[in-house]
>>> print(open('run.cif').read())   # mmCIF, C-alpha atoms
data_work
loop_
_atom_site.label_atom_id
_atom_site.label_comp_id
_atom_site.auth_asym_id
_atom_site.auth_seq_id
_atom_site.Cartn_x
_atom_site.Cartn_y
_atom_site.Cartn_z
CA MET A 1 -31.38 -15.82 22.37
CA VAL A 2 -34.99 -14.66 21.95
CA PHE A 3 -35.59 -11.04 20.92
CA ASP A 4 -38.74 -9.12 21.70
CA LEU A 5 -38.98 -7.08 18.52
CA SER A 6 -42.11 -5.33 19.75
CA GLN A 7 -39.84 -3.34 22.03
CA SER A 8 -37.22 -0.86 20.89
CA LEU A 9 -33.73 -2.27 21.27
CA PRO A 10 -31.10 -0.01 22.84
CA ILE A 11 -28.07 -0.26 20.58
CA ALA A 12 -24.50 0.63 21.48
CA CYS A 13 -22.57 2.04 18.55
CA TYR A 14 -19.53 4.15 17.68
CA LEU A 15 -21.08 7.39 16.45
CA VAL A 16 -19.24 10.07 14.48
CA ARG A 17 -20.73 13.56 14.67
CA LYS A 18 -19.90 16.89 13.05
CA ASN A 19 -20.59 19.93 15.18
CA THR A 20 -21.89 23.24 13.89
CA ASP A 21 -18.35 24.61 14.02
CA GLY A 22 -17.15 21.81 11.73
CA ARG A 23 -15.37 19.83 14.45
CA VAL A 24 -15.69 16.06 14.15
CA THR A 25 -16.12 13.93 17.26
CA ALA A 26 -16.43 10.17 17.64
CA ARG A 27 -17.52 8.24 20.72
CA VAL A 28 -19.60 5.33 21.95
CA GLU A 29 -23.28 6.23 22.20
CA THR A 30 -26.57 4.40 22.66
CA ILE A 31 -29.26 4.75 20.03
CA SER A 32 -32.66 3.14 19.51
CA GLN A 33 -33.51 0.48 16.98
CA GLU A 34 -35.69 2.99 15.16
CA ALA A 35 -32.60 5.09 14.40
CA LEU A 36 -31.17 2.40 12.13
CA PRO A 37 -31.57 2.98 8.40
CA ALA A 38 -34.28 1.16 6.49
CA GLY A 39 -33.51 -2.29 5.13
CA ASP A 40 -34.82 -5.80 4.62
CA VAL A 41 -32.78 -7.58 7.27
CA LEU A 42 -31.87 -6.77 10.88
CA VAL A 43 -28.63 -8.45 11.97
CA GLU A 44 -27.22 -8.75 15.47
CA VAL A 45 -23.53 -8.03 14.92
CA ALA A 46 -21.11 -10.52 16.43
CA TYR A 47 -17.94 -9.03 14.93
CA SER A 48 -16.74 -6.27 12.65
CA SER A 49 -13.17 -5.34 11.76
CA LEU A 50 -11.02 -2.23 11.49
CA ASN A 51 -9.90 -1.23 8.01
CA TYR A 52 -8.11 1.88 6.79
CA LYS A 53 -11.38 3.14 5.30
CA ASP A 54 -13.00 2.80 8.73
CA ALA A 55 -10.25 4.86 10.31
CA MET A 56 -10.88 7.63 7.79
CA ALA A 57 -14.61 7.41 8.51
CA CYS A 58 -13.95 7.73 12.24
CA GLN A 59 -12.32 11.07 11.48
CA GLY A 60 -15.21 12.18 9.30
CA HIS A 61 -13.24 12.05 6.06
CA PRO A 62 -15.47 13.56 3.35
CA GLY A 63 -14.35 10.96 0.83
CA VAL A 64 -15.94 8.27 2.99
CA VAL A 65 -18.65 9.82 5.17
CA ARG A 66 -21.54 11.30 3.22
CA THR A 67 -23.77 12.50 6.07
CA PHE A 68 -23.58 12.95 9.83
CA PRO A 69 -24.09 11.45 12.32
CA HIS A 70 -22.43 8.32 11.02
CA VAL A 71 -21.57 4.82 12.26
CA PRO A 72 -18.40 3.44 10.59
CA GLY A 73 -17.63 -0.22 9.92
CA VAL A 74 -17.43 -1.43 6.32
CA ASP A 75 -18.03 -5.06 7.29
CA CYS A 76 -19.70 -7.25 9.88
CA SER A 77 -20.73 -10.80 10.65
CA GLY A 78 -23.63 -11.87 12.80
CA THR A 79 -27.03 -13.49 13.11
CA VAL A 80 -30.27 -12.51 11.42
CA VAL A 81 -32.82 -11.28 13.97
CA GLU A 82 -35.60 -10.07 11.70
CA SER A 83 -36.08 -10.43 7.94
CA ALA A 84 -38.56 -9.25 5.35
CA ALA A 85 -36.62 -11.16 2.66
CA LYS A 86 -37.58 -14.74 1.83
CA ASP A 87 -33.95 -15.83 1.46
CA TYR A 88 -33.05 -15.10 5.09
CA ARG A 89 -34.64 -16.18 8.34
CA PRO A 90 -33.97 -15.42 12.01
CA GLY A 91 -31.03 -17.47 13.20
CA ASP A 92 -29.16 -17.45 9.88
CA GLU A 93 -25.46 -16.65 10.21
CA VAL A 94 -24.39 -14.07 7.65
CA LEU A 95 -21.75 -11.53 6.75
CA VAL A 96 -21.70 -8.21 4.92
CA THR A 97 -18.74 -6.47 3.31
CA GLY A 98 -18.64 -3.39 1.13
CA TYR A 99 -21.53 -1.88 -0.78
CA GLU A 100 -22.48 1.26 1.18
CA LEU A 101 -21.97 -0.28 4.63
CA GLY A 102 -20.00 2.09 6.83
CA ALA A 103 -19.83 4.72 4.09
CA GLY A 104 -23.10 5.83 2.52
CA ARG A 105 -25.05 4.30 5.39
CA TRP A 106 -24.43 3.19 8.96
CA GLY A 107 -22.04 0.31 9.39
CA GLY A 108 -20.80 -2.50 11.57
CA PHE A 109 -19.44 -0.63 14.60
CA ALA A 110 -22.75 -1.24 16.35
CA GLU A 111 -24.58 -4.04 18.11
CA TYR A 112 -27.10 -4.22 15.26
CA VAL A 113 -27.22 -3.28 11.58
CA ARG A 114 -30.13 -3.15 9.16
CA VAL A 115 -29.22 -3.72 5.50
CA PRO A 116 -30.71 -4.60 2.11
CA ALA A 117 -30.97 -8.34 1.55
CA GLU A 118 -28.84 -8.18 -1.61
CA TRP A 119 -25.83 -7.09 0.45
CA ILE A 120 -25.84 -10.23 2.57
CA VAL A 121 -23.67 -13.32 2.10
CA ARG A 122 -24.44 -16.49 3.99
CA LEU A 123 -21.57 -17.50 6.26
CA PRO A 124 -19.58 -20.01 4.19
CA GLU A 125 -19.29 -23.52 5.56
CA GLY A 126 -15.96 -23.90 7.31
CA LEU A 127 -15.80 -20.35 8.68
CA SER A 128 -16.93 -19.06 12.05
CA LEU A 129 -18.36 -15.57 12.46
CA ARG A 130 -15.11 -14.48 14.09
CA GLU A 131 -12.95 -15.98 11.35
CA ALA A 132 -15.04 -14.22 8.72
CA MET A 133 -14.09 -10.89 10.30
CA ILE A 134 -10.45 -11.81 10.80
CA TYR A 135 -10.54 -11.86 7.03
CA GLY A 136 -13.06 -9.03 6.79
CA THR A 137 -12.80 -6.51 3.99
CA ALA A 138 -9.01 -6.76 4.04
CA GLY A 139 -9.00 -10.52 3.49
CA PHE A 140 -11.71 -10.22 0.86
CA THR A 141 -9.55 -7.62 -0.91
CA ALA A 142 -6.46 -9.83 -0.65
CA ALA A 143 -8.38 -12.71 -2.25
CA GLN A 144 -9.36 -10.47 -5.17
CA CYS A 145 -5.73 -9.41 -5.61
CA VAL A 146 -4.53 -13.01 -5.73
CA THR A 147 -7.35 -13.88 -8.14
CA ALA A 148 -6.20 -11.10 -10.50
CA ILE A 149 -2.67 -12.52 -10.51
CA VAL A 150 -3.83 -16.09 -11.12
CA ALA A 151 -6.18 -14.93 -13.88
CA ARG A 152 -3.23 -13.34 -15.66
CA GLY A 153 -1.67 -16.81 -15.91
CA ILE A 154 1.10 -16.11 -13.40
CA ALA A 155 1.94 -19.36 -11.64
CA PRO A 156 4.33 -20.06 -8.73
CA GLU A 157 7.05 -21.02 -11.22
CA SER A 158 6.70 -17.66 -13.02
CA GLY A 159 8.87 -15.89 -10.47
CA PRO A 160 8.70 -13.99 -7.17
CA VAL A 161 5.61 -12.05 -6.14
CA LEU A 162 6.01 -8.81 -4.20
CA VAL A 163 3.61 -7.70 -1.45
CA THR A 164 3.92 -4.13 -0.16
CA GLY A 165 2.56 -3.09 3.22
CA ALA A 166 2.97 -6.73 4.16
CA THR A 167 2.23 -6.41 7.89
CA GLY A 168 -1.09 -4.64 7.28
CA GLY A 169 -4.49 -6.25 6.91
CA VAL A 170 -4.53 -6.84 3.15
CA GLY A 171 -0.80 -7.48 2.98
CA SER A 172 -0.62 -10.08 5.74
CA VAL A 173 -3.54 -12.10 4.36
CA ALA A 174 -2.10 -11.84 0.85
CA VAL A 175 1.28 -13.14 2.06
CA ALA A 176 -0.45 -16.08 3.74
CA ILE A 177 -2.59 -16.98 0.70
CA LEU A 178 0.27 -16.67 -1.78
CA GLY A 179 2.55 -18.72 0.47
CA LYS A 180 -0.07 -21.44 0.76
CA LEU A 181 -0.43 -21.56 -3.03
CA GLY A 182 3.33 -22.06 -3.41
CA TYR A 183 4.40 -18.65 -4.63
CA GLU A 184 7.79 -17.20 -3.76
CA VAL A 185 6.69 -14.20 -1.72
CA ALA A 186 8.82 -11.11 -1.15
CA ALA A 187 7.28 -9.04 1.64
CA VAL A 188 7.94 -5.32 2.09
CA THR A 189 7.84 -3.84 5.59
CA GLY A 190 9.48 -1.20 7.70
CA LYS A 191 8.90 -3.22 10.87
CA ALA A 192 12.10 -5.17 11.59
CA GLU A 193 10.50 -6.91 14.55
CA ARG A 194 7.96 -8.56 12.23
CA HIS A 195 10.33 -10.34 9.88
CA ASP A 196 9.98 -13.73 11.56
CA TRP A 197 6.21 -13.33 11.73
CA LEU A 198 6.06 -12.67 7.99
CA ARG A 199 8.20 -15.71 7.27
CA GLN A 200 5.85 -17.82 9.36
CA LEU A 201 2.95 -16.53 7.27
CA GLY A 202 4.67 -17.54 4.04
CA ALA A 203 7.20 -14.90 2.99
CA ARG A 204 10.56 -16.14 1.72
CA THR A 205 12.24 -12.74 1.39
CA ILE A 206 11.85 -9.54 3.41
CA LEU A 207 12.59 -6.13 1.90
CA GLY A 208 12.77 -2.68 3.43
CA ARG A 209 10.54 0.13 2.17
CA ASP A 210 13.44 1.97 0.55
CA GLU A 211 14.02 -0.97 -1.78
CA VAL A 212 10.71 -0.31 -3.53
CA ASN A 213 10.78 3.49 -3.54
CA ASP A 214 12.86 4.57 -6.51
CA THR A 215 12.96 8.35 -6.86
CA SER A 216 14.67 8.47 -10.26
CA ASP A 217 12.87 9.45 -13.45
CA ARG A 218 13.89 6.28 -15.30
CA PRO A 219 10.86 4.96 -17.18
CA LEU A 220 11.84 1.32 -16.55
CA LEU A 221 13.87 -0.41 -13.84
CA ALA A 222 15.48 -3.84 -13.70
CA ALA A 223 12.80 -6.52 -13.96
CA ARG A 224 12.43 -8.26 -10.60
CA TRP A 225 8.86 -9.40 -10.04
CA ALA A 226 6.46 -11.71 -11.86
CA ALA A 227 3.55 -10.11 -10.01
CA ALA A 228 2.84 -7.82 -7.11
CA ILE A 229 0.13 -6.81 -4.67
CA ASP A 230 0.43 -3.15 -3.76
CA THR A 231 -1.44 -1.75 -0.76
CA VAL A 232 0.48 1.54 -0.68
CA GLY A 233 0.13 3.49 -3.93
CA GLY A 234 2.07 6.61 -4.87
CA ARG A 235 5.74 6.38 -5.76
CA VAL A 236 5.95 2.83 -4.39
CA LEU A 237 3.36 1.63 -6.89
CA ALA A 238 5.22 3.47 -9.67
CA THR A 239 8.46 1.75 -8.63
CA VAL A 240 6.81 -1.66 -8.59
CA LEU A 241 5.25 -1.18 -12.03
CA ARG A 242 8.61 -0.19 -13.50
CA SER A 243 10.18 -3.32 -11.95
CA MET A 244 7.89 -5.98 -13.38
CA HIS A 245 8.83 -8.89 -15.59
CA HIS A 246 7.39 -9.00 -19.09
CA ARG A 247 3.64 -9.69 -18.90
CA GLY A 248 3.64 -9.16 -15.15
CA CYS A 249 0.59 -8.11 -13.15
CA VAL A 250 0.23 -5.64 -10.28
CA ALA A 251 -2.97 -5.73 -8.24
CA ALA A 252 -3.38 -2.30 -6.61
CA CYS A 253 -5.74 -1.61 -3.72
CA GLY A 254 -4.32 1.16 -1.52
CA LEU A 255 -3.18 4.77 -1.39
CA VAL A 256 -1.59 5.37 2.01
CA ALA A 257 1.55 6.67 0.25
CA GLY A 258 -0.42 8.90 -2.08
CA ALA A 259 -2.98 8.92 -4.85
CA GLU A 260 -0.68 10.29 -7.54
CA LEU A 261 1.13 7.88 -9.89
CA PRO A 262 4.39 9.37 -11.29
CA LEU A 263 4.84 7.09 -14.26
CA THR A 264 5.19 6.81 -18.03
CA VAL A 265 3.33 4.32 -20.19
CA TYR A 266 6.49 2.30 -20.87
CA PRO A 267 5.78 -0.54 -18.40
CA PHE A 268 2.50 -1.13 -20.20
CA ILE A 269 3.54 -0.82 -23.83
CA LEU A 270 7.07 -2.27 -23.67
CA ARG A 271 6.67 -4.97 -21.02
CA GLY A 272 2.94 -5.62 -21.33
CA VAL A 273 2.41 -5.08 -17.60
CA THR A 274 -1.15 -5.27 -16.30
CA LEU A 275 -2.30 -2.87 -13.59
CA ALA A 276 -5.35 -4.50 -12.02
CA GLY A 277 -7.38 -2.14 -9.86
CA ILE A 278 -9.14 -3.86 -6.97
CA ASP A 279 -12.46 -2.42 -5.80
CA SER A 280 -14.00 -4.38 -2.94
CA ALA A 281 -17.08 -2.30 -2.18
CA LYS A 282 -18.77 -2.84 -5.55
CA CYS A 283 -17.46 -6.30 -6.37
CA PRO A 284 -20.19 -8.11 -8.38
CA ARG A 285 -22.11 -10.69 -6.39
CA PRO A 286 -20.97 -13.82 -8.31
CA GLU A 287 -17.32 -12.86 -7.78
CA ARG A 288 -18.06 -11.90 -4.18
CA LEU A 289 -19.48 -15.33 -3.42
CA ALA A 290 -16.56 -17.01 -5.17
CA MET A 291 -14.03 -15.07 -3.07
CA TRP A 292 -15.65 -16.19 0.17
CA GLN A 293 -15.74 -19.80 -0.96
CA LYS A 294 -12.01 -19.61 -1.68
CA LEU A 295 -11.28 -18.03 1.71
CA ALA A 296 -13.30 -20.73 3.48
CA GLY A 297 -11.89 -23.56 1.37
CA PRO A 298 -8.79 -23.95 -0.81
CA TRP A 299 -7.27 -20.58 0.13
CA ARG A 300 -8.07 -20.79 3.82
CA VAL A 301 -5.24 -19.31 5.90
CA GLU A 302 -4.01 -22.00 8.27
CA ARG A 303 -2.78 -19.62 10.97
CA LEU A 304 -5.65 -17.19 10.66
CA GLU A 305 -6.00 -16.52 14.37
CA GLU A 306 -2.37 -15.38 14.54
CA LEU A 307 -3.30 -12.40 12.38
CA ALA A 308 -5.89 -11.13 14.83
CA SER A 309 -6.16 -8.89 17.84
CA GLU A 310 -9.47 -7.87 19.39
CA ALA A 311 -10.97 -4.49 20.27
CA THR A 312 -14.23 -3.28 21.78
CA LEU A 313 -15.95 -0.05 20.81
CA ASP A 314 -14.15 1.68 23.69
CA ASP A 315 -10.79 0.68 22.19
CA LEU A 316 -11.44 2.25 18.80
CA PRO A 317 -9.82 5.69 19.30
CA ASP A 318 -6.46 4.08 20.06
CA ARG A 319 -6.75 1.54 17.24
CA VAL A 320 -7.76 4.20 14.74
CA GLU A 321 -4.71 6.26 15.65
CA ARG A 322 -2.47 3.21 15.23
CA ILE A 323 -3.76 2.27 11.80
CA LEU A 324 -3.54 5.86 10.52
CA THR A 325 0.07 6.17 11.68
CA GLY A 326 1.11 2.84 10.18
CA ASN A 327 1.53 1.11 13.54
CA MET A 328 -1.13 -1.56 13.12
CA VAL A 329 -0.13 -5.16 12.44
CA GLY A 330 -2.43 -7.82 11.02
CA ARG A 331 -6.16 -7.61 11.57
CA THR A 332 -8.22 -6.00 14.34
CA VAL A 333 -11.49 -7.75 15.06
CA VAL A 334 -14.04 -5.35 16.54
CA VAL A 335 -16.49 -6.76 19.07
CA PRO A 336 -19.46 -4.37 19.21
CA ARG A 337 -19.68 -4.07 22.94
CA THR A 338 -18.39 -1.61 25.50
CA ALA A 339 -16.43 -2.10 28.68
CA THR A 340 -19.64 -1.72 30.70
CA THR A 341 -21.53 -4.37 28.72
CA GLY A 342 -18.64 -6.84 28.89
#
>>> encode(input="run.cif", output="structure tokens")
Amino acid sequence: MVFDLSQSLPIACYLVRKNTDGRVTARVETISQEALPAGDVLVEVAYSSLNYKDAMACQGHPGVVRTFPHVPGVDCSGTVVESAAKDYRPGDEVLVTGYELGAGRWGGFAEYVRVPAEWIVRLPEGLSLREAMIYGTAGFTAAQCVTAIVARGIAPESGPVLVTGATGGVGSVAVAILGKLGYEVAAVTGKAERHDWLRQLGARTILGRDEVNDTSDRPLLAARWAAAIDTVGGRVLATVLRSMHHRGCVAACGLVAGAELPLTVYPFILRGVTLAGIDSAKCPRPERLAMWQKLAGPWRVERLEELASEATLDDLPDRVERILTGNMVGRTVVVPRTATTG
């Protein structure tokens, strides 16, 4: 496609506004190219994805949205249209995850984004633009979690690995990667209808949520897990930490069950447990590039498409409600178009 950049491009986007009375609204609107923030590279967005952070942004959560109006979308993949950076040229296929995208500045829920060149990652060989956003920020986070476990020296023969929130975006990709690498995966979910789906992804054991939510004040519990990936936080994370084998590792990346951690130091000083915090937005560039090479290569999820459903900008209110109420399964790929644009 040839773009006439001398003319202003009308851009469909999902715009979050805050009214003078403090009420937050979010809807599809059309803006001009000039409204986009400054940056080195203009990208035509092919796909974005819906993450929990995006859902909070769509509701104007002050911990995510800094200024209004705001366009959410913490990731995107697409094609370079215009570039002032020597490393990128029109036609290059690229992706962006994290940094300030969709938080401090406008994000991927739009037909175009303009970003600093240092935020961009070339689309890895072996991935399509759509596949990159089936992974998206959630898959990128899952890869970092698995990397933390491997770096701790925990191998498949070390024992079972627990994944909480296993039907969600991070959890489902983590189950698939761990299963591919040969780990014995125990997946936690409250969705009985998704047990077979999780086993197909790579889980060997399915647990209910109550099994990882100990409400006692015991500082340590019976050791069950060699490692864990926790997407939930709160008392669940505290339960998991108290249930680790000696020298186990828990990679933590979520807080849907709460930000507080009711815990003593005993798991750390008596069992040598490692709590590895996973921060995707500010992941250093060398590690960022390494994660994407793993996701495109040796850690590539074989049944990646089975994780995905698709949504347009018009579909976002329903999808946001579903992810906030815990009713979302797998990954939602966002196509930045509206019903009228097809």
>>> residues_around(input="run.cif", residues="A:Gly182", least_positions_apart="4", cutoff="10 Å", atoms="only C-alpha atoms", output="PyMOL selection string")
chain A and resi 155-157+177-178+202
>>> resolve_selection(input="run.cif", expression="the PyMOL selection byres ((chain A and resi 222-238) around 7)", output="JSON, numbers by chain")
{"A": [145, 149, 158, 159, 160, 161, 162, 163, 164, 165, 171, 212, 213, 220, 221, 239, 240, 241, 242, 243, 244, 245, 248, 249, 250, 251, 252, 253, 254, 255, 256, 257, 258, 259, 260, 261, 262, 263]}
>>> resolve_selection(input="run.cif", expression="the PyMOL selection byres ((chain A and resi 85) around 8)", output="ChimeraX atom specification")
/A:40-41,83-84,86-89,117
>>> residues_around(input="run.cif", residues="stretch 323-325 of chain A", least_positions_apart="3", cutoff="10 Å", atoms="all atoms listed in the file", output="PDB file with C-alpha atoms, in the coordinates of the input")
ATOM      1  CA  LEU A  50     -11.020  -2.230  11.490  1.00  0.00           C
ATOM      2  CA  ASN A  51      -9.900  -1.230   8.010  1.00  0.00           C
ATOM      3  CA  TYR A  52      -8.110   1.880   6.790  1.00  0.00           C
ATOM      4  CA  LYS A  53     -11.380   3.140   5.300  1.00  0.00           C
ATOM      5  CA  ASP A  54     -13.000   2.800   8.730  1.00  0.00           C
ATOM      6  CA  ALA A  55     -10.250   4.860  10.310  1.00  0.00           C
ATOM      7  CA  MET A  56     -10.880   7.630   7.790  1.00  0.00           C
ATOM      8  CA  GLY A 168      -1.090  -4.640   7.280  1.00  0.00           C
ATOM      9  CA  GLY A 169      -4.490  -6.250   6.910  1.00  0.00           C
ATOM     10  CA  VAL A 256      -1.590   5.370   2.010  1.00  0.00           C
ATOM     11  CA  ASP A 318      -6.460   4.080  20.060  1.00  0.00           C
ATOM     12  CA  ARG A 319      -6.750   1.540  17.240  1.00  0.00           C
ATOM     13  CA  VAL A 320      -7.760   4.200  14.740  1.00  0.00           C
ATOM     14  CA  MET A 328      -1.130  -1.560  13.120  1.00  0.00           C
ATOM     15  CA  VAL A 329      -0.130  -5.160  12.440  1.00  0.00           C
ATOM     16  CA  THR A 332      -8.220  -6.000  14.340  1.00  0.00           C
TER      17      THR A 332
END
>>> atom_distance(input="run.cif", atom1="atom CA of A:Val146", atom2="atom CA of A:Gly277")
12.0 Å
>>> atom_distance(input="run.cif", atom1="atom CA of A:Ala151", atom2="atom CA of A:Thr264")
24.9 Å
>>> resolve_selection(input="run.cif", expression="the PyMOL selection byres ((chain A and resi 311) around 9)", output="list in words")
Ser49, Ser309, Glu310, Thr312, Leu313, Asp314, Asp315, Leu316, Arg319, Thr332, Val333, Val334, Val335 and Pro336 of chain A
>>> residues_near_point(input="run.cif", point="(9.1, -6.7, 12.2)", cutoff="12 Å", atoms="only C-alpha atoms", output="ChimeraX atom specification")
/A:165-168,187-200,206-208,327-330
>>> write_last_selection(input="run.cif", atoms="C-alpha atoms", output="JSON list (two decimals), keeping the file's coordinate frame")
[["chain", "number", "residue", "atom", "x", "y", "z"],
["A", 165, "GLY", "CA", 2.56, -3.09, 3.22],
["A", 166, "ALA", "CA", 2.97, -6.73, 4.16],
["A", 167, "THR", "CA", 2.23, -6.41, 7.89],
["A", 168, "GLY", "CA", -1.09, -4.64, 7.28],
["A", 187, "ALA", "CA", 7.28, -9.04, 1.64],
["A", 188, "VAL", "CA", 7.94, -5.32, 2.09],
["A", 189, "THR", "CA", 7.84, -3.84, 5.59],
["A", 190, "GLY", "CA", 9.48, -1.20, 7.70],
["A", 191, "LYS", "CA", 8.90, -3.22, 10.87],
["A", 192, "ALA", "CA", 12.10, -5.17, 11.59],
["A", 193, "GLU", "CA", 10.50, -6.91, 14.55],
["A", 194, "ARG", "CA", 7.96, -8.56, 12.23],
["A", 195, "HIS", "CA", 10.33, -10.34, 9.88],
["A", 196, "ASP", "CA", 9.98, -13.73, 11.56],
["A", 197, "TRP", "CA", 6.21, -13.33, 11.73],
["A", 198, "LEU", "CA", 6.06, -12.67, 7.99],
["A", 199, "ARG", "CA", 8.20, -15.71, 7.27],
["A", 200, "GLN", "CA", 5.85, -17.82, 9.36],
["A", 206, "ILE", "CA", 11.85, -9.54, 3.41],
["A", 207, "LEU", "CA", 12.59, -6.13, 1.90],
["A", 208, "GLY", "CA", 12.77, -2.68, 3.43],
["A", 327, "ASN", "CA", 1.53, 1.11, 13.54],
["A", 328, "MET", "CA", -1.13, -1.56, 13.12],
["A", 329, "VAL", "CA", -0.13, -5.16, 12.44],
["A", 330, "GLY", "CA", -2.43, -7.82, 11.02]]
>>> axis_aligned_box(input="run.cif", around="stretch 22-32 of chain A", padding_each_side="8 Å", output="lines of an AutoDock Vina configuration file")
center_x = -24.0
center_y = 12.5
center_z = 17.2
size_x = 33.3
size_y = 34.7
size_z = 26.9
>>> closest_atom_pairs(input="run.cif", of="stretch 245-325 of chain A", to="stretch 137-144 of chain A", cutoff="12 Å", atoms="only C-alpha atoms", output="JSON lines")
{"residue": "A:Val250", "atom": "CA", "partner": "A:Gln144", "partner_atom": "CA", "distance": 11.9}
{"residue": "A:Ala251", "atom": "CA", "partner": "A:Gln144", "partner_atom": "CA", "distance": 8.5}
{"residue": "A:Ala252", "atom": "CA", "partner": "A:Thr141", "partner_atom": "CA", "distance": 9.9}
{"residue": "A:Cys253", "atom": "CA", "partner": "A:Thr141", "partner_atom": "CA", "distance": 7.7}
{"residue": "A:Gly254", "atom": "CA", "partner": "A:Thr141", "partner_atom": "CA", "distance": 10.2}
{"residue": "A:Ala276", "atom": "CA", "partner": "A:Gln144", "partner_atom": "CA", "distance": 9.9}
{"residue": "A:Gly277", "atom": "CA", "partner": "A:Gln144", "partner_atom": "CA", "distance": 9.8}
{"residue": "A:Ile278", "atom": "CA", "partner": "A:Gln144", "partner_atom": "CA", "distance": 6.9}
{"residue": "A:Asp279", "atom": "CA", "partner": "A:Thr141", "partner_atom": "CA", "distance": 7.7}
{"residue": "A:Ser280", "atom": "CA", "partner": "A:Thr141", "partner_atom": "CA", "distance": 5.9}
{"residue": "A:Ala281", "atom": "CA", "partner": "A:Thr137", "partner_atom": "CA", "distance": 8.6}
{"residue": "A:Lys282", "atom": "CA", "partner": "A:Thr141", "partner_atom": "CA", "distance": 11.4}
{"residue": "A:Cys283", "atom": "CA", "partner": "A:Gln144", "partner_atom": "CA", "distance": 9.2}
{"residue": "A:Pro284", "atom": "CA", "partner": "A:Gln144", "partner_atom": "CA", "distance": 11.5}
{"residue": "A:Glu287", "atom": "CA", "partner": "A:Gln144", "partner_atom": "CA", "distance": 8.7}
{"residue": "A:Arg288", "atom": "CA", "partner": "A:Phe140", "partner_atom": "CA", "distance": 8.3}
{"residue": "A:Leu289", "atom": "CA", "partner": "A:Phe140", "partner_atom": "CA", "distance": 10.2}
{"residue": "A:Ala290", "atom": "CA", "partner": "A:Ala143", "partner_atom": "CA", "distance": 9.7}
{"residue": "A:Met291", "atom": "CA", "partner": "A:Ala143", "partner_atom": "CA", "distance": 6.2}
{"residue": "A:Trp292", "atom": "CA", "partner": "A:Phe140", "partner_atom": "CA", "distance": 7.2}
{"residue": "A:Gln293", "atom": "CA", "partner": "A:Ala143", "partner_atom": "CA", "distance": 10.3}
{"residue": "A:Lys294", "atom": "CA", "partner": "A:Ala143", "partner_atom": "CA", "distance": 7.8}
{"residue": "A:Leu295", "atom": "CA", "partner": "A:Ala143", "partner_atom": "CA", "distance": 7.2}
{"residue": "A:Ala296", "atom": "CA", "partner": "A:Phe140", "partner_atom": "CA", "distance": 10.9}
{"residue": "A:Gly297", "atom": "CA", "partner": "A:Ala143", "partner_atom": "CA", "distance": 12.0}
{"residue": "A:Pro298", "atom": "CA", "partner": "A:Ala143", "partner_atom": "CA", "distance": 11.3}
{"residue": "A:Trp299", "atom": "CA", "partner": "A:Ala143", "partner_atom": "CA", "distance": 8.3}
{"residue": "A:Arg300", "atom": "CA", "partner": "A:Ala143", "partner_atom": "CA", "distance": 10.1}
{"residue": "A:Val301", "atom": "CA", "partner": "A:Gly139", "partner_atom": "CA", "distance": 9.9}
{"residue": "A:Leu304", "atom": "CA", "partner": "A:Gly139", "partner_atom": "CA", "distance": 10.3}
{"residue": "A:Leu307", "atom": "CA", "partner": "A:Gly139", "partner_atom": "CA", "distance": 10.7}
{"residue": "A:Ala308", "atom": "CA", "partner": "A:Gly139", "partner_atom": "CA", "distance": 11.8}
>>> atom_distance(input="run.cif", atom1="atom CA of A:Tyr135", atom2="atom CA of A:Gly179")
16.2 Å
>>> closest_atom_pairs(input="run.cif", of="stretch 37-73 of chain A", to="stretch 98-116 of chain A", cutoff="6 Å", atoms="only C-alpha atoms", output="CSV")
residue,atom,partner,partner_atom,distance
A:Gly39,CA,A:Val115,CA,4.5
A:Asp40,CA,A:Pro116,CA,5.0
A:Val41,CA,A:Arg114,CA,5.5
A:Leu42,CA,A:Arg114,CA,4.4
A:Val43,CA,A:Val113,CA,5.4
A:Glu44,CA,A:Tyr112,CA,4.5
A:Val45,CA,A:Glu111,CA,5.2
A:Ser48,CA,A:Gly108,CA,5.6
A:Val64,CA,A:Ala103,CA,5.4
A:Val65,CA,A:Ala103,CA,5.3
A:Arg66,CA,A:Gly104,CA,5.7
A:His70,CA,A:Trp106,CA,5.9
A:Val71,CA,A:Trp106,CA,4.7
A:Pro72,CA,A:Gly102,CA,4.3
A:Gly73,CA,A:Gly108,CA,4.2
>>> closest_residue(input="run.cif", among="A:Phe68, A:Trp119, A:Tyr183, A:Phe268", to="A:Thr20", atoms="only C-alpha atoms")
A:Phe68
